[in-house]
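Structure file upload.csv (CSV, C-alpha atoms (C1' of nucleotides)) is printed below.
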```csv
chain,number,residue,atom,x,y,z
F,213,MET,CA,81.6,-91.5,23.8
F,214,SER,CA,79.5,-93.0,21.0
F,215,LEU,CA,78.7,-91.5,17.7
F,216,PRO,CA,76.7,-88.3,18.4
F,217,TYR,CA,75.3,-88.3,14.8
F,218,PRO,CA,75.2,-90.8,12.0
F,219,ASN,CA,77.5,-90.1,9.2
F,220,VAL,CA,79.5,-87.6,11.1
F,221,SER,CA,82.7,-89.2,10.0
F,222,VAL,CA,81.6,-89.0,6.4
F,223,THR,CA,81.7,-85.3,6.6
F,224,MET,CA,85.1,-85.4,8.2
F,225,LEU,CA,86.0,-87.5,5.2
F,226,VAL,CA,84.9,-84.7,2.9
F,227,VAL,CA,86.8,-82.2,4.9
F,228,ASP,CA,89.9,-84.3,4.7
F,229,LEU,CA,89.3,-84.7,1.0
F,230,ALA,CA,89.1,-80.9,0.6
F,231,ARG,CA,92.5,-80.6,2.3
F,232,LEU,CA,94.1,-83.2,0.2
F,233,LEU,CA,92.7,-81.8,-3.1
F,234,ARG,CA,93.9,-78.3,-2.3
F,235,ARG,CA,97.4,-79.5,-1.4
F,236,ARG,CA,97.6,-81.8,-4.4
F,237,PHE,CA,96.6,-78.8,-6.6
F,238,GLU,CA,99.3,-76.7,-5.0
F,239,ALA,CA,101.9,-79.4,-5.5
F,240,ALA,CA,100.9,-79.9,-9.1
F,241,LEU,CA,101.1,-76.2,-9.7
F,242,THR,CA,104.7,-76.2,-8.4
F,243,GLU,CA,105.6,-79.1,-10.6
F,244,VAL,CA,104.6,-77.3,-13.8
F,245,ASP,CA,106.6,-74.3,-12.6
F,246,THR,CA,104.3,-71.4,-13.3
F,247,GLY,CA,105.7,-69.3,-10.4
F,248,LEU,CA,102.0,-68.8,-9.4
F,249,THR,CA,100.4,-69.6,-6.1
F,250,ALA,CA,97.1,-71.5,-6.1
F,251,GLY,CA,95.1,-68.4,-5.5
F,252,GLU,CA,96.8,-66.5,-8.4
F,253,ALA,CA,96.3,-69.5,-10.7
F,254,ARG,CA,92.7,-69.7,-9.8
F,255,THR,CA,92.3,-66.0,-10.5
F,256,LEU,CA,94.0,-66.3,-13.9
F,257,PHE,CA,91.7,-69.1,-14.7
F,258,TYR,CA,88.6,-67.2,-13.8
F,259,VAL,CA,89.7,-64.1,-15.8
F,260,TRP,CA,90.3,-66.4,-18.7
F,261,ARG,CA,86.7,-67.7,-18.4
F,262,ASN,CA,85.2,-64.4,-17.5
F,263,PRO,CA,87.2,-61.6,-19.2
F,264,GLY,CA,86.4,-57.9,-18.9
F,265,LEU,CA,84.7,-58.1,-15.5
F,266,ARG,CA,85.1,-55.4,-12.8
F,267,GLN,CA,87.1,-56.4,-9.8
F,268,ALA,CA,84.1,-56.4,-7.5
F,269,MET,CA,82.2,-58.7,-9.8
F,270,LEU,CA,85.2,-61.0,-10.3
F,271,ALA,CA,85.6,-61.3,-6.5
F,272,ASP,CA,82.0,-62.1,-6.3
F,273,ILE,CA,82.0,-65.1,-8.7
F,274,MET,CA,85.3,-66.3,-7.1
F,275,PHE,CA,83.8,-66.1,-3.7
F,276,VAL,CA,86.7,-64.2,-2.1
F,277,GLU,CA,86.6,-60.7,-0.6
F,278,PRO,CA,87.5,-57.8,-2.9
F,279,MET,CA,90.6,-57.2,-0.8
F,280,THR,CA,91.8,-60.8,-1.3
F,281,LEU,CA,91.5,-60.4,-5.1
F,282,VAL,CA,93.5,-57.2,-5.0
F,283,GLY,CA,96.5,-59.1,-3.8
F,284,TYR,CA,96.2,-61.7,-6.5
F,285,LEU,CA,95.7,-59.1,-9.2
F,286,ASP,CA,98.7,-57.1,-8.0
F,287,SER,CA,100.9,-60.2,-8.4
F,288,LEU,CA,99.4,-61.1,-11.8
F,289,GLU,CA,99.7,-57.6,-13.1
F,290,LYS,CA,103.3,-57.3,-11.9
F,291,ALA,CA,104.0,-60.6,-13.8
F,292,GLY,CA,102.4,-59.0,-16.9
F,293,LEU,CA,99.6,-61.6,-17.1
F,294,VAL,CA,96.6,-59.4,-16.6
F,295,LYS,CA,95.7,-55.7,-17.3
F,296,ARG,CA,93.5,-53.4,-15.2
F,297,CYS,CA,91.8,-51.4,-17.9
F,298,PRO,CA,89.8,-48.3,-17.0
F,299,ASP,CA,86.0,-48.8,-17.3
F,300,PRO,CA,84.8,-46.2,-19.8
F,301,THR,CA,81.5,-46.0,-17.9
F,302,ASP,CA,82.9,-45.5,-14.4
F,303,LYS,CA,86.2,-43.9,-13.6
F,304,ARG,CA,86.4,-45.7,-10.3
F,305,ALA,CA,86.1,-49.1,-11.8
F,306,LYS,CA,88.7,-51.3,-13.6
F,307,LEU,CA,88.0,-54.1,-16.0
F,308,ILE,CA,90.3,-57.1,-15.8
F,309,GLU,CA,91.7,-58.6,-19.0
F,310,LEU,CA,94.3,-61.2,-19.8
F,311,THR,CA,97.5,-60.2,-21.7
F,312,PRO,CA,98.9,-62.4,-24.4
F,313,ALA,CA,101.6,-63.5,-22.0
F,314,ALA,CA,98.9,-65.4,-20.0
F,315,ASP,CA,98.4,-68.0,-22.7
F,316,PRO,CA,101.4,-70.3,-22.0
F,317,LEU,CA,100.7,-70.0,-18.3
F,318,LEU,CA,97.1,-71.1,-18.7
F,319,GLU,CA,98.3,-74.1,-20.6
F,320,ARG,CA,100.6,-75.1,-17.7
F,321,ILE,CA,97.7,-74.5,-15.2
F,322,GLY,CA,95.7,-76.8,-17.5
F,323,GLU,CA,98.4,-79.5,-17.1
F,324,ALA,CA,98.3,-79.1,-13.3
F,325,LEU,CA,94.5,-79.5,-13.3
F,326,HIS,CA,94.8,-82.5,-15.5
F,327,THR,CA,97.3,-84.1,-13.2
F,328,VAL,CA,95.1,-83.6,-10.2
F,329,ARG,CA,92.0,-84.9,-12.0
F,330,ALA,CA,93.8,-88.0,-13.2
F,331,LYS,CA,95.1,-88.8,-9.7
F,332,ALA,CA,91.8,-88.1,-8.0
F,333,LEU,CA,89.7,-90.1,-10.5
F,334,GLU,CA,92.3,-92.8,-10.9
F,335,GLU,CA,90.3,-95.5,-9.1
F,336,ILE,CA,86.9,-94.3,-10.2
F,337,PRO,CA,85.4,-96.4,-12.9
F,338,GLU,CA,84.9,-94.6,-16.2
F,339,ASP,CA,81.1,-94.9,-16.1
F,340,SER,CA,80.8,-93.3,-12.7
F,341,ARG,CA,82.8,-90.2,-13.4
F,342,GLU,CA,80.1,-88.2,-15.2
F,343,MET,CA,77.7,-88.9,-12.4
F,344,LEU,CA,80.3,-88.0,-9.8
F,345,GLU,CA,81.0,-84.7,-11.5
F,346,THR,CA,77.3,-83.9,-11.7
F,347,LEU,CA,77.0,-84.6,-8.0
F,348,LEU,CA,80.0,-82.4,-7.2
F,349,GLN,CA,78.6,-79.6,-9.2
F,350,THR,CA,75.3,-79.9,-7.2
F,351,MET,CA,77.2,-79.8,-4.0
F,352,LYS,CA,79.1,-76.7,-5.1
F,353,ASP,CA,75.8,-75.0,-6.0
F,354,SER,CA,74.3,-75.7,-2.6
F,355,LEU,CA,77.3,-74.4,-0.8
F,356,LEU,CA,77.5,-71.3,-3.0
F,357,GLN,CA,73.9,-70.5,-2.5
F,358,GLU,CA,74.3,-70.7,1.2
F,359,ALA,CA,77.4,-68.5,1.1
F,360,ALA,CA,75.7,-66.0,-1.0
F,361,ARG,CA,72.8,-65.8,1.4
F,362,GLY,CA,75.2,-65.2,4.3
F,363,LYS,CA,76.8,-62.3,2.5
F,364,GLN,CA,73.6,-60.2,2.3
F,365,LYS,CA,73.3,-57.7,5.2
E,291,MET,CA,92.6,-69.6,-26.3
E,292,SER,CA,90.7,-72.8,-26.5
E,293,LEU,CA,90.4,-75.5,-24.0
E,294,PRO,CA,93.8,-77.1,-23.6
E,295,TYR,CA,92.4,-80.3,-22.1
E,296,PRO,CA,89.0,-81.7,-21.8
E,297,ASN,CA,87.4,-81.5,-18.4
E,298,VAL,CA,89.9,-79.0,-17.1
E,299,SER,CA,87.1,-76.9,-15.7
E,300,VAL,CA,85.8,-79.9,-13.9
E,301,THR,CA,88.9,-80.1,-11.9
E,302,MET,CA,88.7,-76.4,-11.1
E,303,LEU,CA,85.2,-77.1,-9.9
E,304,VAL,CA,86.6,-79.6,-7.5
E,305,VAL,CA,89.2,-77.2,-6.3
E,306,ASP,CA,86.5,-74.6,-5.8
E,307,LEU,CA,84.4,-77.2,-3.9
E,308,ALA,CA,87.4,-77.9,-1.7
E,309,ARG,CA,87.7,-74.3,-0.8
E,310,LEU,CA,84.0,-73.9,-0.1
E,311,LEU,CA,83.8,-77.0,2.0
E,312,ARG,CA,86.7,-75.9,4.2
E,313,ARG,CA,85.3,-72.5,4.6
E,314,ARG,CA,81.8,-73.8,5.4
E,315,PHE,CA,83.3,-76.2,8.0
E,316,GLU,CA,85.2,-73.3,9.6
E,317,ALA,CA,82.0,-71.2,9.7
E,318,ALA,CA,80.0,-74.0,11.2
E,319,LEU,CA,82.6,-74.5,13.8
E,320,THR,CA,82.4,-70.9,14.8
E,321,GLU,CA,78.7,-71.2,15.0
E,322,VAL,CA,78.8,-74.0,17.5
E,323,ASP,CA,81.2,-71.9,19.5
E,324,THR,CA,83.9,-74.4,20.4
E,325,GLY,CA,86.7,-71.9,20.5
E,326,LEU,CA,88.6,-74.3,18.3
E,327,THR,CA,90.1,-73.7,14.9
E,328,ALA,CA,89.4,-76.2,12.1
E,329,GLY,CA,92.8,-77.8,12.5
E,330,GLU,CA,92.4,-78.2,16.2
E,331,ALA,CA,88.9,-79.7,15.8
E,332,ARG,CA,90.2,-82.1,13.2
E,333,THR,CA,92.9,-83.2,15.6
E,334,LEU,CA,90.5,-83.7,18.4
E,335,PHE,CA,88.3,-85.8,16.1
E,336,TYR,CA,91.3,-88.0,15.1
E,337,VAL,CA,92.4,-88.5,18.7
E,338,TRP,CA,88.8,-89.5,19.6
E,339,ARG,CA,88.8,-92.1,16.8
E,340,ASN,CA,92.4,-93.2,17.4
E,341,PRO,CA,93.3,-92.8,21.0
E,342,GLY,CA,96.6,-93.6,22.5
E,343,LEU,CA,98.7,-93.0,19.4
E,344,ARG,CA,102.2,-91.4,19.4
E,345,GLN,CA,102.4,-87.9,18.0
E,346,ALA,CA,104.4,-89.1,15.0
E,347,MET,CA,101.8,-91.8,14.1
E,348,LEU,CA,98.9,-89.4,14.7
E,349,ALA,CA,100.5,-86.8,12.3
E,350,ASP,CA,101.0,-89.6,9.9
E,351,ILE,CA,97.3,-90.6,9.7
E,352,MET,CA,96.2,-87.0,9.7
E,353,PHE,CA,98.7,-86.2,6.8
E,354,VAL,CA,100.2,-83.2,8.4
E,355,GLU,CA,103.9,-82.7,9.4
E,356,PRO,CA,104.7,-83.6,13.0
E,357,MET,CA,105.5,-80.0,13.6
E,358,THR,CA,102.1,-78.9,12.5
E,359,LEU,CA,100.5,-81.3,14.9
E,360,VAL,CA,102.6,-80.0,17.8
E,361,GLY,CA,100.8,-76.6,17.5
E,362,TYR,CA,97.4,-78.2,17.5
E,363,LEU,CA,98.2,-80.4,20.5
E,364,ASP,CA,99.7,-77.4,22.4
E,365,SER,CA,96.4,-75.6,22.1
E,366,LEU,CA,94.3,-78.6,22.9
E,367,GLU,CA,96.4,-79.5,25.9
E,368,LYS,CA,96.3,-75.9,27.2
E,369,ALA,CA,92.5,-76.0,26.8
E,370,GLY,CA,92.5,-79.2,28.9
E,371,LEU,CA,91.1,-81.4,26.1
E,372,VAL,CA,93.9,-83.8,25.5
E,373,LYS,CA,96.8,-85.3,27.6
E,374,ARG,CA,100.3,-86.1,26.5
E,375,CYS,CA,101.1,-89.3,28.4
E,376,PRO,CA,104.6,-90.7,28.6
E,377,ASP,CA,105.0,-93.9,26.6
E,378,PRO,CA,106.2,-96.6,29.0
E,379,THR,CA,108.1,-98.3,26.2
E,380,ASP,CA,109.9,-95.2,24.9
E,381,LYS,CA,110.9,-92.2,27.0
E,382,ARG,CA,111.1,-89.9,24.0
E,383,ALA,CA,107.5,-90.6,22.9
E,384,LYS,CA,104.2,-89.4,24.1
E,385,LEU,CA,100.8,-91.0,23.8
E,386,ILE,CA,97.9,-88.7,23.1
E,387,GLU,CA,94.6,-89.3,24.9
E,388,LEU,CA,91.4,-87.3,25.3
E,389,THR,CA,90.4,-85.9,28.7
E,390,PRO,CA,86.8,-86.1,29.9
E,391,ALA,CA,86.4,-82.4,29.1
E,392,ALA,CA,86.6,-83.3,25.4
E,393,ASP,CA,83.2,-85.0,25.3
E,394,PRO,CA,81.0,-81.9,25.1
E,395,LEU,CA,83.4,-80.4,22.5
E,396,LEU,CA,83.2,-83.5,20.3
E,397,GLU,CA,79.4,-83.2,20.5
E,398,ARG,CA,79.6,-79.7,19.2
E,399,ILE,CA,82.1,-80.6,16.5
E,400,GLY,CA,79.6,-83.3,15.6
E,401,GLU,CA,76.9,-80.7,15.2
E,402,ALA,CA,79.1,-78.6,12.9
E,403,LEU,CA,79.9,-81.6,10.8
E,404,HIS,CA,76.2,-82.4,10.6
E,405,THR,CA,75.4,-78.9,9.5
E,406,VAL,CA,78.0,-79.0,6.7
E,407,ARG,CA,76.9,-82.4,5.5
E,408,ALA,CA,73.2,-81.3,5.5
E,409,LYS,CA,74.1,-78.2,3.4
E,410,ALA,CA,76.4,-80.0,1.0
E,411,LEU,CA,74.0,-82.9,0.4
E,412,GLU,CA,70.9,-80.7,0.4
E,413,GLU,CA,70.2,-81.1,-3.3
E,414,ILE,CA,71.5,-84.6,-3.6
E,415,PRO,CA,68.8,-87.2,-3.9
E,416,GLU,CA,68.7,-89.7,-1.0
E,417,ASP,CA,69.5,-92.7,-3.2
E,418,SER,CA,72.6,-91.1,-4.7
E,419,ARG,CA,74.2,-90.2,-1.4
E,420,GLU,CA,75.7,-93.5,-0.5
E,421,MET,CA,77.2,-93.8,-3.9
E,422,LEU,CA,78.6,-90.3,-3.7
E,423,GLU,CA,80.2,-91.1,-0.3
E,424,THR,CA,81.8,-94.2,-1.7
E,425,LEU,CA,83.2,-92.3,-4.6
E,426,LEU,CA,84.6,-89.6,-2.3
E,427,GLN,CA,86.3,-92.3,-0.1
E,428,THR,CA,87.8,-93.7,-3.3
E,429,MET,CA,89.1,-90.3,-4.3
E,430,LYS,CA,90.6,-89.7,-0.9
E,431,ASP,CA,92.3,-93.1,-0.9
E,432,SER,CA,93.9,-92.3,-4.3
E,433,LEU,CA,95.2,-88.9,-3.1
E,434,LEU,CA,96.4,-90.4,0.2
E,435,GLN,CA,98.3,-93.1,-1.6
E,436,GLU,CA,99.9,-90.6,-3.9
E,437,ALA,CA,100.9,-88.3,-0.9
E,438,ALA,CA,102.3,-91.3,1.0
E,439,ARG,CA,104.5,-92.2,-1.9
E,440,GLY,CA,105.8,-88.6,-2.1
E,441,LYS,CA,106.8,-88.8,1.5
E,442,GLN,CA,109.3,-91.6,1.1
E,443,LYS,CA,112.8,-90.5,0.6
Q,219,DC,C1',130.6,-101.5,25.7
Q,220,DT,C1',130.6,-97.5,23.0
Q,221,DT,C1',130.4,-95.0,19.0
Q,222,DA,C1',127.1,-94.0,15.0
Q,223,DT,C1',122.8,-93.5,13.3
Q,224,DT,C1',118.0,-93.1,13.6
Q,225,DT,C1',113.8,-91.5,15.8
Q,226,DC,C1',110.6,-88.4,18.9
Q,227,DG,C1',109.1,-84.2,20.0
Q,228,DT,C1',110.0,-79.3,19.6
Q,229,DA,C1',111.8,-74.2,18.9
Q,230,DA,C1',112.2,-70.8,15.5
Q,231,DG,C1',110.8,-68.8,11.6
Q,232,DG,C1',108.7,-68.6,6.9
Q,233,DT,C1',104.8,-68.6,3.1
Q,234,DA,C1',100.1,-68.5,1.4
Q,235,DA,C1',95.4,-67.8,1.8
Q,236,DC,C1',92.5,-65.6,3.4
Q,237,DC,C1',89.7,-61.7,6.5
Q,238,DT,C1',88.5,-57.0,8.9
Q,239,DT,C1',88.7,-52.2,9.3
Q,240,DA,C1',89.4,-47.9,7.6
Q,241,DC,C1',90.3,-44.8,3.9
Q,242,DT,C1',90.0,-42.0,-0.9
Q,243,DA,C1',87.8,-40.9,-5.0
Q,244,DA,C1',84.1,-41.1,-7.9
Q,245,DA,C1',79.1,-41.8,-8.8
Q,246,DT,C1',74.4,-41.2,-7.7
Q,247,DG,C1',70.0,-40.0,-5.5
Q,248,DG,C1',67.4,-36.7,-3.1
R,183,DC,C1',74.5,-29.6,-4.0
R,184,DC,C1',75.0,-32.3,-0.3
R,185,DA,C1',74.5,-37.2,1.6
R,186,DT,C1',75.0,-41.7,0.7
R,187,DT,C1',76.7,-45.5,-1.7
R,188,DT,C1',80.2,-47.9,-4.5
R,189,DA,C1',85.1,-49.3,-6.5
R,190,DG,C1',89.4,-50.1,-5.3
R,191,DT,C1',93.1,-50.2,-1.9
R,192,DA,C1',96.5,-49.8,2.4
R,193,DA,C1',97.4,-51.8,6.6
R,194,DG,C1',97.5,-55.4,9.6
R,195,DG,C1',95.7,-59.8,11.6
R,196,DT,C1',94.6,-65.0,11.8
R,197,DT,C1',95.1,-69.8,10.5
R,198,DA,C1',97.2,-73.5,8.3
R,199,DC,C1',100.6,-75.2,7.0
R,200,DC,C1',106.0,-76.1,5.9
R,201,DT,C1',111.3,-76.2,6.4
R,202,DT,C1',115.4,-76.3,9.0
R,203,DA,C1',117.8,-77.4,13.1
R,204,DC,C1',118.4,-79.5,17.5
R,205,DG,C1',118.5,-82.2,22.0
R,206,DA,C1',117.5,-86.5,24.1
R,207,DA,C1',116.6,-91.1,24.0
R,208,DA,C1',116.7,-95.6,21.4
R,209,DT,C1',118.8,-98.8,18.5
R,210,DA,C1',122.4,-100.7,15.3
R,211,DA,C1',127.3,-101.5,14.3
R,212,DG,C1',131.9,-102.5,15.4
```
Same coordinates, now as C-alpha cells:
Amino acid sequence: MSLPYPNVSVTMLVVDLARLLRRRFEAALTEVDTGLTAGEARTLFYVWRNPGLRQAMLADIMFVEPMTLVGYLDSLEKAGLVKRCPDPTDKRAKLIELTPAADPLLERIGEALHTVRAKALEEIPEDSREMLETLLQTMKDSLLQEAARGKQK
Amino acid sequence: MSLPYPNVSVTMLVVDLARLLRRRFEAALTEVDTGLTAGEARTLFYVWRNPGLRQAMLADIMFVEPMTLVGYLDSLEKAGLVKRCPDPTDKRAKLIELTPAADPLLERIGEALHTVRAKALEEIPEDSREMLETLLQTMKDSLLQEAARGKQK
DNA sequence: CTTATTTCGTAAGGTAACCTTACTAAATGG
DNA sequence: CCATTTAGTAAGGTTACCTTACGAAATAAG
C-alpha cells in the first residue's frame, strides 16, 4: 500500500507529539510532588487565571464536560485548594475561587510547566520559539473553534 | 499571585493543544467508522510503516510499554488486521505483520489523519507549514530522547 | 553440560482522564 | 402558576495507559 494522502505521517507525528507532551507533563508533575493529577493541576491553573467563574463556565473554557470538572473540583476542594462559593445571584450556581493554600502548589505547577517547556524547546533555536508559539496558539484556536461548533445542538 | 516563571502559560497552551489534538483525532477516527480506538489505529499505522518487527521492538518505537501493546495487538488480531508470526530465529518472539484486510482500514485512518491536519493547519499560512512541521519534529525528538534516557535502569 | 541470568510475550489488576445518562433543585418564561 | 431550562451531581462506562509477576525459551557462566 502506498501513501493514501500526502503528509499523513506528519499528522501522526503531531498525534505522537501530543501523547509525549501529556506524558511528560504528568511525569514533571509527579517530580514536583504536588499530589495532583494532570487534570487537577490544569483545573487549578485555570481557576488561578479565571477566578470567580461558575462551574459551567469554567468547564466551558477548559473544554471538558461539566461532570468531568466536578471530579477535579471535588479533589481540589478536599485538598483545601479551592472553594465553591454560593453565587449571590443564583442559588443553584457556585463560584470557584482559590484558597491561599493554592499559592505554593501553583508555584510547583509552574516549575513542572517550566521543565516541560525547557525539554520540548531544547533544540529549537531561540529565534524560532516565538514564531512556534504563535503557530501553536493558532492551531489551538482552530481546534477550539471546531470543538465549539460541534457542541451546539 | 504573580507569574512565577515567564512563558508558563505558553506551556499550558501546549498541554491544552495536546489534549485537543488527541480528542480531535479520536473524533475523526469515529467519523470514518473504523471500529478502532486511537491506540489501535496508531498501532496499525506503525505496523504498516514498520512491518515484521518483534513486539518488544514495536513497543519501543511506539513508546508504550510492551504490555500496553499486547492489548492493541489482541484487538487487531481478533479483527483480522494483523498476524503474529513466529520468529524463525527465536521461538519466544513473534513478528507482527499486516493482513490484506488492513488496507481499507489504513485508508480510512489516512482520511481521519487528513481531517485533523486540515483542521489544525486551517489558519496557518501555506508558507509557514513546512517550518512548523520541522519544529514539531524537533520537539518530538527532544521529548523522545528524554523519555528514552528515563527508560534505562 | 548445566546452572544462572536475561529476554519475550502475557495474565491480572490498577490509576487517571475523560464521557453519557439520569436526577434534583432552583430559575425563568409564558 | 405551570412548563421548560439551567446548575450541579451521582452512578457507571470506556480508553489509555502502567506495574507486578510469571512461564518459556535463549544465552552467558562455570
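Picture a line from CA of Leu355 (chain F) to CA of Lys409 (chain E); it runs 6.5 Å.
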### Query
Which of these, F:Ala253, F:Val276, F:Val282, F:Leu344, has the shortest distance to DG190 (chain R) once you count all atoms listed in the file?
F:Val282
Using only C-alpha atoms (C1' of nucleotides), find the residues of chain E whose closest atom to chain R is at most 9 Å away, then write them as an mmCIF file with C-alpha atoms, keeping the file's coordinate frame.
```cif
data_model
loop_
_atom_site.group_PDB
_atom_site.id
_atom_site.type_symbol
_atom_site.label_atom_id
_atom_site.label_comp_id
_atom_site.auth_asym_id
_atom_site.auth_seq_id
_atom_site.Cartn_x
_atom_site.Cartn_y
_atom_site.Cartn_z
ATOM 1 C CA THR E 327 90.100 -73.700 14.900
ATOM 2 C CA ALA E 328 89.400 -76.200 12.100
ATOM 3 C CA GLY E 329 92.800 -77.800 12.500
ATOM 4 C CA VAL E 354 100.200 -83.200 8.400
ATOM 5 C CA GLU E 355 103.900 -82.700 9.400
ATOM 6 C CA MET E 357 105.500 -80.000 13.600
ATOM 7 C CA THR E 358 102.100 -78.900 12.500
ATOM 8 C CA ASP E 380 109.900 -95.200 24.900
ATOM 9 C CA LYS E 381 110.900 -92.200 27.000
ATOM 10 C CA ARG E 382 111.100 -89.900 24.000
#
```
Report chain E as a compact mmCIF listing (two decimals) with C-alpha atoms, in the frame of the given file in the frame of chain F, after least-squares superposition over all C-alpha atoms paired in order.
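Printed below is result.txt as written:
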```
# COMPACT_ATOMS: atom_id res chain seq x y z
CA MET E 291 81.75 -91.66 23.71
CA SER E 292 79.55 -93.00 21.01
CA LEU E 293 78.72 -91.53 17.72
CA PRO E 294 76.72 -88.38 18.32
CA TYR E 295 75.27 -88.34 14.80
CA PRO E 296 75.19 -90.79 12.05
CA ASN E 297 77.54 -90.16 9.18
CA VAL E 298 79.58 -87.63 11.08
CA SER E 299 82.76 -89.31 9.94
CA VAL E 300 81.59 -89.03 6.41
CA THR E 301 81.64 -85.34 6.63
CA MET E 302 85.12 -85.41 8.14
CA LEU E 303 86.10 -87.50 5.17
CA VAL E 304 84.94 -84.73 2.94
CA VAL E 305 86.82 -82.17 4.90
CA ASP E 306 89.91 -84.33 4.67
CA LEU E 307 89.34 -84.69 0.89
CA ALA E 308 89.11 -80.92 0.65
CA ARG E 309 92.42 -80.52 2.30
CA LEU E 310 94.09 -83.16 0.16
CA LEU E 311 92.71 -81.81 -3.05
CA ARG E 312 93.97 -78.30 -2.31
CA ARG E 313 97.32 -79.54 -1.34
CA ARG E 314 97.60 -81.80 -4.41
CA PHE E 315 96.60 -78.84 -6.66
CA GLU E 316 99.28 -76.67 -5.02
CA ALA E 317 101.89 -79.42 -5.54
CA ALA E 318 100.92 -79.90 -9.14
CA LEU E 319 101.17 -76.25 -9.72
CA THR E 320 104.67 -76.20 -8.40
CA GLU E 321 105.51 -79.06 -10.62
CA VAL E 322 104.50 -77.26 -13.75
CA ASP E 323 106.60 -74.37 -12.57
CA THR E 324 104.32 -71.41 -13.18
CA GLY E 325 105.66 -69.33 -10.35
CA LEU E 326 102.06 -68.81 -9.35
CA THR E 327 100.39 -69.60 -6.07
CA ALA E 328 97.10 -71.53 -6.09
CA GLY E 329 95.10 -68.38 -5.50
CA GLU E 330 96.79 -66.54 -8.28
CA ALA E 331 96.30 -69.46 -10.70
CA ARG E 332 92.65 -69.66 -9.75
CA THR E 333 92.28 -65.98 -10.51
CA LEU E 334 93.96 -66.27 -13.81
CA PHE E 335 91.65 -69.17 -14.70
CA TYR E 336 88.54 -67.09 -13.77
CA VAL E 337 89.71 -64.08 -15.77
CA TRP E 338 90.32 -66.39 -18.78
CA ARG E 339 86.76 -67.74 -18.50
CA ASN E 340 85.21 -64.36 -17.64
CA PRO E 341 87.16 -61.60 -19.23
CA GLY E 342 86.41 -57.97 -18.92
CA LEU E 343 84.73 -58.11 -15.52
CA ARG E 344 85.10 -55.43 -12.79
CA GLN E 345 87.17 -56.42 -9.79
CA ALA E 346 84.11 -56.40 -7.54
CA MET E 347 82.14 -58.76 -9.87
CA LEU E 348 85.18 -61.01 -10.38
CA ALA E 349 85.62 -61.34 -6.53
CA ASP E 350 81.97 -62.04 -6.36
CA ILE E 351 82.04 -65.06 -8.72
CA MET E 352 85.26 -66.31 -7.23
CA PHE E 353 83.74 -66.03 -3.64
CA VAL E 354 86.61 -64.19 -2.15
CA GLU E 355 86.55 -60.66 -0.58
CA PRO E 356 87.47 -57.85 -2.96
CA MET E 357 90.50 -57.21 -0.87
CA THR E 358 91.73 -60.72 -1.30
CA LEU E 359 91.44 -60.40 -5.03
CA VAL E 360 93.44 -57.16 -5.03
CA GLY E 361 96.53 -59.13 -3.83
CA TYR E 362 96.13 -61.73 -6.51
CA LEU E 363 95.68 -59.14 -9.26
CA ASP E 364 98.71 -57.13 -7.97
CA SER E 365 100.89 -60.16 -8.46
CA LEU E 366 99.43 -61.11 -11.77
CA GLU E 367 99.69 -57.59 -13.10
CA LYS E 368 103.31 -57.28 -11.91
CA ALA E 369 104.04 -60.59 -13.69
CA GLY E 370 102.52 -59.06 -16.86
CA LEU E 371 99.66 -61.59 -17.07
CA VAL E 372 96.65 -59.42 -16.61
CA LYS E 373 95.74 -55.71 -17.30
CA ARG E 374 93.59 -53.42 -15.24
CA CYS E 375 91.76 -51.36 -17.87
CA PRO E 376 89.79 -48.26 -16.98
CA ASP E 377 86.05 -48.76 -17.34
CA PRO E 378 84.77 -46.14 -19.78
CA THR E 379 81.44 -46.04 -18.00
CA ASP E 380 82.81 -45.63 -14.46
CA LYS E 381 86.07 -43.91 -13.55
CA ARG E 382 86.33 -45.70 -10.23
CA ALA E 383 86.15 -49.19 -11.80
CA LYS E 384 88.63 -51.30 -13.59
CA LEU E 385 88.08 -54.07 -16.08
CA ILE E 386 90.36 -57.06 -15.82
CA GLU E 387 91.68 -58.65 -19.02
CA LEU E 388 94.36 -61.22 -19.79
CA THR E 389 97.53 -60.21 -21.66
CA PRO E 390 98.94 -62.43 -24.40
CA ALA E 391 101.65 -63.58 -21.98
CA ALA E 392 98.95 -65.46 -20.05
CA ASP E 393 98.42 -68.11 -22.72
CA PRO E 394 101.42 -70.32 -21.96
CA LEU E 395 100.66 -70.01 -18.21
CA LEU E 396 97.05 -71.13 -18.69
CA GLU E 397 98.41 -74.13 -20.62
CA ARG E 398 100.53 -75.06 -17.68
CA ILE E 399 97.74 -74.50 -15.19
CA GLY E 400 95.74 -76.77 -17.47
CA GLU E 401 98.37 -79.46 -17.12
CA ALA E 402 98.30 -79.20 -13.32
CA LEU E 403 94.56 -79.46 -13.29
CA HIS E 404 94.79 -82.50 -15.54
CA THR E 405 97.28 -84.13 -13.25
CA VAL E 406 95.06 -83.62 -10.19
CA ARG E 407 91.97 -84.86 -11.95
CA ALA E 408 93.85 -87.98 -13.23
CA LYS E 409 95.04 -88.76 -9.66
CA ALA E 410 91.72 -88.09 -7.98
CA LEU E 411 89.69 -90.10 -10.50
CA GLU E 412 92.31 -92.84 -10.85
CA GLU E 413 90.25 -95.49 -9.10
CA ILE E 414 86.91 -94.26 -10.24
CA PRO E 415 85.36 -96.36 -12.94
CA GLU E 416 84.85 -94.53 -16.26
CA ASP E 417 81.06 -94.85 -16.17
CA SER E 418 80.76 -93.35 -12.69
CA ARG E 419 82.77 -90.24 -13.44
CA GLU E 420 80.15 -88.18 -15.13
CA MET E 421 77.75 -88.88 -12.36
CA LEU E 422 80.33 -87.98 -9.76
CA GLU E 423 81.01 -84.65 -11.54
CA THR E 424 77.34 -83.84 -11.60
CA LEU E 425 77.01 -84.56 -7.95
CA LEU E 426 80.03 -82.37 -7.13
CA GLN E 427 78.52 -79.46 -9.19
CA THR E 428 75.32 -79.94 -7.19
CA MET E 429 77.22 -79.80 -3.93
CA LYS E 430 79.07 -76.68 -4.96
CA ASP E 431 75.85 -74.96 -6.03
CA SER E 432 74.32 -75.70 -2.58
CA LEU E 433 77.36 -74.29 -0.72
CA LEU E 434 77.53 -71.27 -3.05
CA GLN E 435 73.89 -70.49 -2.47
CA GLU E 436 74.31 -70.76 1.25
CA ALA E 437 77.47 -68.46 1.19
CA ALA E 438 75.64 -65.93 -1.01
CA ARG E 439 72.82 -65.72 1.45
CA GLY E 440 75.30 -65.13 4.32
CA LYS E 441 76.73 -62.23 2.44
CA GLN E 442 73.58 -60.15 2.38
CA LYS E 443 73.29 -57.71 5.15
```
